[in-house]
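Visitor: Below are the structure tokens for one structure; questions will follow.
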Amino acid sequence: MSVRRFVAPNSREAMRQVREVLGEDALILSNRPVAEGVEILALAEEEQQAAQAAAASPAVPARPAAAGEAHRESAAAPVGRMPVPPVPTAVPLDFAALGQRLLGEMQDMRALLDRQIPVPATGGGCRGQLRQRLLGAGFGPCLGDEILAGLPAELAAGPASAPALQAWLERQLEARLPLLEDEAALLDAGGVIALVGPTGVGKTTTAAKLAARYVMRHGASQVALISTDSFRIGAHEQLRIYARLLGVEVHTLAAVAPLEPLLAGLADKRLVIIDTVGMSQRDRRLLTQINQLGAAGRPVRLMLLLNAACHGDTLEEVVGTYQRAALAAGARLRDCIVSKCDEAARLGPVLDILMRHGLRLNYLTSGQQVPEDLQVAEARPLLRQALAASQSSPFVPEEALDGGGRRLDSWARGLFGRGRSLAAAFEGLRRELDGFALLERAWRLAALPAGVQGERLARLLEEEDEAADTGVRQLLWGSGKPVPGATWNMPLLTLDPAGRLQLRPWLAHLLPTGHEQRLDWAFERLEARRHLLAVAPEGGFLRALTHLRSPWIGAARSVNRVEFQGERHALARLGEVAENHGSLQLRHRGRPLWLELRYLPVALRVAGERAGEWAPWPLQAWFGTLRDADSGRSLGQRHWLAWSPETERLALAEQADGVRLLLAGEDLPALTLRAWQALGELQAPPRTELRLFLAAALAAGASRLDQSAEDWAMDLRARLAGLGGGRRPRGPAQQLDSLLHLLAAGDAFRQLGDEIGH
């Protein structure tokens with residue numbers, strides 16, 4: 001049979017190739033993800049029919065051996081070994097049934113691909129279990145689906161109870177929960193704080209608790225309390241009792257009276273806390289109250305109190321109404337205190353509200369004691385408490401609700417969720433990738449007229465380099481020749497001392513000319529600690545490195561000749577006598593590999609001071625065997641040359657790490673070319689220098705994302721894949737495409753915001 005292999009970036013393209021070459025009725029034998037995308041093995045219809053016909057024909061029985069032949073075989077058997085009994089005839093496989101079954105499954109898959117039906121998040125496996133756990137804890141389906149859209153492929157195949165998966169879930173929730181980072185900064189800033197919220201949520205008690213915490217830090221003389229609750233019987237008196245116990249001033253005010261005169265008289269107080277009238281979110285007087293606070297003559301910080309024991313729909317309505325009222329009054333509602341935590345069966349609903357609306361959680365209250373029952377919120381214990389309460393509920397989530405308004409509202413929240421995921425991805429990349437903020441600023445230059453892009457880029461880089469914290473770096477040099485398929489040389493990239501790629505490229509044609517001048521510039525400007533070279537140095541480059549006594553390591557060819565024991569040998573012939581250095585695991589061109597390393601002290605002939613004078617320069621030759629991480633199959637041999645002024649033990653460890661970094665960066669030229677081509681497809685492609693800067697920075701970011709095994713990288717990879725709606729196998733090309741989509745989506749959201757704002 002003639003089995004054909006088709007490889008494409010995605011299943012749809014692979015299936016298109018199958019249909020084009022083998023026809024609509026081709027038999028699909030396998031479909032699996034590979035580094036390049038998707039691989040499909042397929043069989044033509046006529047080959048399939050031939051196999052079925054062969055399977056249907058009666059098998060020819062084996063000819064029985066004659067008695068004499070059987071005797072001769074028995075006699076020929078060695079002494080002490082029993083003759084092997086005849087093997088039973090194997091039952092022929094039912095190719096027809098197998099083919100029909102596979103063909104039917106493939107047709108179902110085709111139909112699924114053609115219709116582009118998304119896989120529901122409530123499916124089986126750990127995804128469905130995690131969703132059920134979130135729903136059971138009180139988190140809504142909108143937030144749950146948003147989180148699970150970013151489930152990393154590395155964890156999706158494992159059980160839902162796996163510690164790594166639980167840690168991932170906690171990280172996703174924690175990243176979405178805004179919290180008060182520094183209570184001291186909040187209290188020290190002082191100002192006017194107004195506690196707002198529905199009736200009975202605990203505003204008066206919380207005002208006393210806040211005042212008590214301030215008194216413990218700064219004393220009673222700098223704080224004052226104001227009560228505007230003239231409707232509730234005894235409200236003023238309750239606050240007076242707390243004020244008398246704390247030794248602080250207290251003032252009462254009618255609900256409709258202006259605040260400005262009273263606040264003017266309290267200008268010497270560092271903190272003023274206003275206990276407002278409790279109002280239902282459906283009370284028409286709510287807007288009047290918020291307007292009164294907005295016209296107080298001094299900036300008023302609104303803090304919304306939410307009852308943790310309330311139903312999620314009620315909390316959603318409260319937050320939406322109070323935020324709209326604040327916006328109408330020219331203020332912003334960004335702070336929140338969650339009360340009655342001790343009365344809530346689940347904390348999930350209120351935490352869900354805070355995450356989706358971006359409200360910062362400052363405090364939790366869980367009783368009437370002042371000030372003991374007011375605690376600063378801590379993310380991880382709070383979320384673990386919320387998830388621990390996961391259980392079945394008789395109250396059905398929003399799937400059971402119907403009506404166009406509800407569906408429209410759900411759609412709007414989903415859109416907001418995508419925007420929030422986009423913002424979270426940007427925030428994570430800025431935090432973890434050194435230079436991503438610079439990449440963002442450079443990306444926005446592409447929207448400027450072409451004639452000013454070069455000047456603005458130069459100015460941007462000058463400002464960035466002046467403000468950046470300089471430190472020792474490792475330099476990753478290009479080969480000095482144009483990248484295959486391009487007319488430009490690979491830019492210089494830098495790594496921090498820990499070997500993490502930085503997203504600040506240095507364009508090769510803007511560097512000083514000449515090896516010595518270039519290395520002197522690198523030493524003074526970049527504080528180069530080590531040089532990682534695409535090609536082992538020769539001639540002037542080697543002499544310049546020798547003069548600076550800078551450690552370096554460079555890729556070499558198997559035919560490169562070095563001196564060993566007084567004789568010149570090609571590197572390929574010295575691997576057998578090299579000493580073992582052990583193995584290390586790495587990612588190379590998007591796949592996990594093992595690298596077996598050996599090393600051997602050799603020498604390289606270096607030109608001396610005088611013409612025709614040569615001297616041996618001691619080096620380490622490194623020999624590497626790349627092996628597939630799963631099968632152990634050898635994938636080829638590699639060679640490197642290295643030198644370091646360190647002692648042998650330190651030098652060997654440093655050089656082995658340099659080998660790893662060089663291998664990890666081998667796909668950077670191809671990634672840069674891919675990004676260069678993608679940028680050329682923009683409606684108005686950037687000018688050459690900006691385009692190459694962006695391409696190299698994007699390639700460095702994609703490589704860093706793919707290489708890192710840390711939790712932040714796994715989370716960001718999954719989040720970026722979720723934003724793009726794709727589930728391609730992990731690889732640097734996927735990360736590059738994701739970064740391009742992210743930056744383009746950021747432009748779209750900013751433009752949309754500007755248009756809506758106008």
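Within each chain, counting starts at residue 1; across the structure tokens, chains are named A, B, ... in the order shown, with ligands numbered 1 upward in that order.
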As a compact mmCIF listing (two decimals) with C-alpha atoms, in the first residue's frame, list the residues of segment 345-557 of chain A assigned to helix (DSSP H, G or I) by DSSP on the backbone atoms of this structure.

Guide:
```
# COMPACT_ATOMS: atom_id res chain seq x y z
CA GLY A 348 -17.25 32.55 44.81
CA PRO A 349 -20.12 34.88 43.74
CA VAL A 350 -18.67 38.02 45.30
CA LEU A 351 -15.14 37.23 44.12
CA ASP A 352 -16.48 36.61 40.62
CA ILE A 353 -18.11 40.08 40.69
CA LEU A 354 -14.87 41.75 41.80
CA MET A 355 -12.84 40.02 39.07
CA ARG A 356 -15.20 40.83 36.22
CA HIS A 357 -15.80 44.44 37.25
CA ALA A 379 -5.35 36.30 47.71
CA ARG A 380 -4.17 32.72 48.05
CA PRO A 381 -5.87 31.83 51.40
CA LEU A 382 -9.05 33.60 50.28
CA LEU A 383 -9.22 31.73 46.98
CA ARG A 384 -8.46 28.39 48.61
CA GLN A 385 -11.27 29.03 51.07
CA ALA A 386 -13.59 29.86 48.18
CA LEU A 387 -12.66 26.73 46.20
CA ALA A 388 -12.93 24.53 49.27
CA GLU A 398 -27.45 31.26 33.88
CA GLU A 399 -27.69 28.45 31.27
CA ALA A 400 -31.30 27.91 32.39
CA GLY A 404 -32.79 37.96 24.23
CA GLY A 405 -31.80 40.50 26.88
CA ARG A 406 -30.00 37.86 28.95
CA ARG A 407 -28.21 36.45 25.91
CA LEU A 408 -27.20 39.94 24.85
CA ASP A 409 -25.94 40.70 28.34
CA SER A 410 -23.98 37.44 28.38
CA TRP A 411 -22.46 38.30 24.99
CA ALA A 412 -21.40 41.72 26.28
CA ARG A 413 -19.81 40.19 29.38
CA GLY A 414 -18.00 37.70 27.17
CA LEU A 415 -16.61 40.54 25.08
CA PHE A 416 -15.52 42.33 28.22
CA GLY A 417 -13.91 39.09 29.39
CA ARG A 418 -11.85 38.87 26.19
CA GLY A 419 -10.73 42.44 26.71
CA ARG A 420 -9.77 41.60 30.29
CA SER A 421 -7.82 38.55 29.10
CA LEU A 422 -6.08 40.74 26.55
CA ALA A 423 -5.10 43.23 29.24
CA ALA A 424 -3.90 40.43 31.52
CA ALA A 425 -1.73 39.01 28.73
CA PHE A 426 -0.14 42.41 28.13
CA GLU A 427 0.47 42.84 31.86
CA GLY A 428 2.07 39.41 32.16
CA LEU A 429 4.34 39.97 29.18
CA ARG A 430 5.46 43.37 30.47
CA ARG A 431 6.25 41.82 33.83
CA GLU A 432 8.11 38.74 32.62
CA PHE A 436 8.30 43.92 25.99
CA ALA A 437 7.16 47.41 26.98
CA LEU A 438 9.75 48.78 24.54
CA LEU A 439 8.41 46.45 21.85
CA GLU A 440 4.91 47.83 22.44
CA ARG A 441 6.08 51.41 22.04
CA ALA A 442 8.03 50.55 18.89
CA TRP A 443 5.01 48.68 17.49
CA ARG A 444 2.89 51.83 17.75
CA LEU A 445 5.44 53.71 15.62
CA ALA A 450 6.79 56.19 6.96
CA GLY A 451 8.99 59.27 6.70
CA VAL A 452 9.20 59.79 10.48
CA GLN A 453 9.41 56.17 11.66
CA GLY A 454 13.22 55.96 11.57
CA GLU A 455 13.69 59.20 13.47
CA ARG A 456 11.10 58.27 16.10
CA LEU A 457 12.64 54.82 16.55
CA ALA A 458 16.10 56.32 17.07
CA ARG A 459 14.68 58.75 19.62
CA LEU A 460 12.77 56.00 21.39
CA LEU A 461 15.83 53.76 21.67
CA GLU A 462 17.97 56.63 22.90
CA GLU A 463 15.46 57.41 25.64
CA GLU A 464 15.14 53.73 26.55
CA ASP A 465 18.89 53.17 26.75
CA GLU A 466 19.36 56.23 28.95
CA ALA A 467 16.64 55.13 31.36
CA ALA A 508 23.85 44.92 12.73
CA HIS A 509 24.28 47.66 10.12
CA LEU A 510 24.20 50.32 12.84
CA HIS A 515 35.92 43.45 14.91
CA GLU A 516 37.95 45.37 17.47
CA GLN A 517 35.75 48.46 17.31
CA ARG A 518 32.61 46.36 17.58
CA LEU A 519 33.88 44.41 20.58
CA ASP A 520 35.12 47.58 22.30
CA TRP A 521 31.66 49.10 21.79
CA ALA A 522 30.01 45.98 23.18
CA PHE A 523 32.27 45.99 26.23
CA GLU A 524 31.71 49.68 27.02
CA ARG A 525 28.08 50.08 26.00
CA LEU A 526 26.61 46.69 26.91
CA GLY A 539 41.32 35.76 12.09
CA GLY A 540 40.70 39.31 13.26
CA PHE A 541 37.68 38.41 15.36
CA LEU A 542 39.64 35.80 17.31
CA ARG A 543 42.54 38.21 17.80
CA ALA A 544 40.15 40.89 19.09
CA LEU A 545 38.55 38.46 21.55
CA THR A 546 41.99 37.30 22.64
CA HIS A 547 43.05 40.89 23.27
CA LEU A 548 39.96 41.55 25.46
```

Visitor: What is the atom CA of Leu27 of chain A to atom CA of Ser631 of chain A distance in Å?

Guide: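 Pair atom CA of Leu27 of chain A / atom CA of Ser631 of chain A returns 27.7 Å.
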
Visitor: Given the choices A:Leu668, A:Ala603, A:Ala695, A:Leu315, which gets closest to Ser280 of chain A if the distance is worked out from only C-alpha atoms?

Guide: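 For Ser280 of chain A, the nearest of the candidates is A:Leu315.
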
Visitor: List every residue of segment 332-398 of chain A that DSSP, applied to the backbone of this structure, assigns to strand (DSSP E), and report them as number ranges by chain.

Guide: A: 335-339, 360-365, 374-376
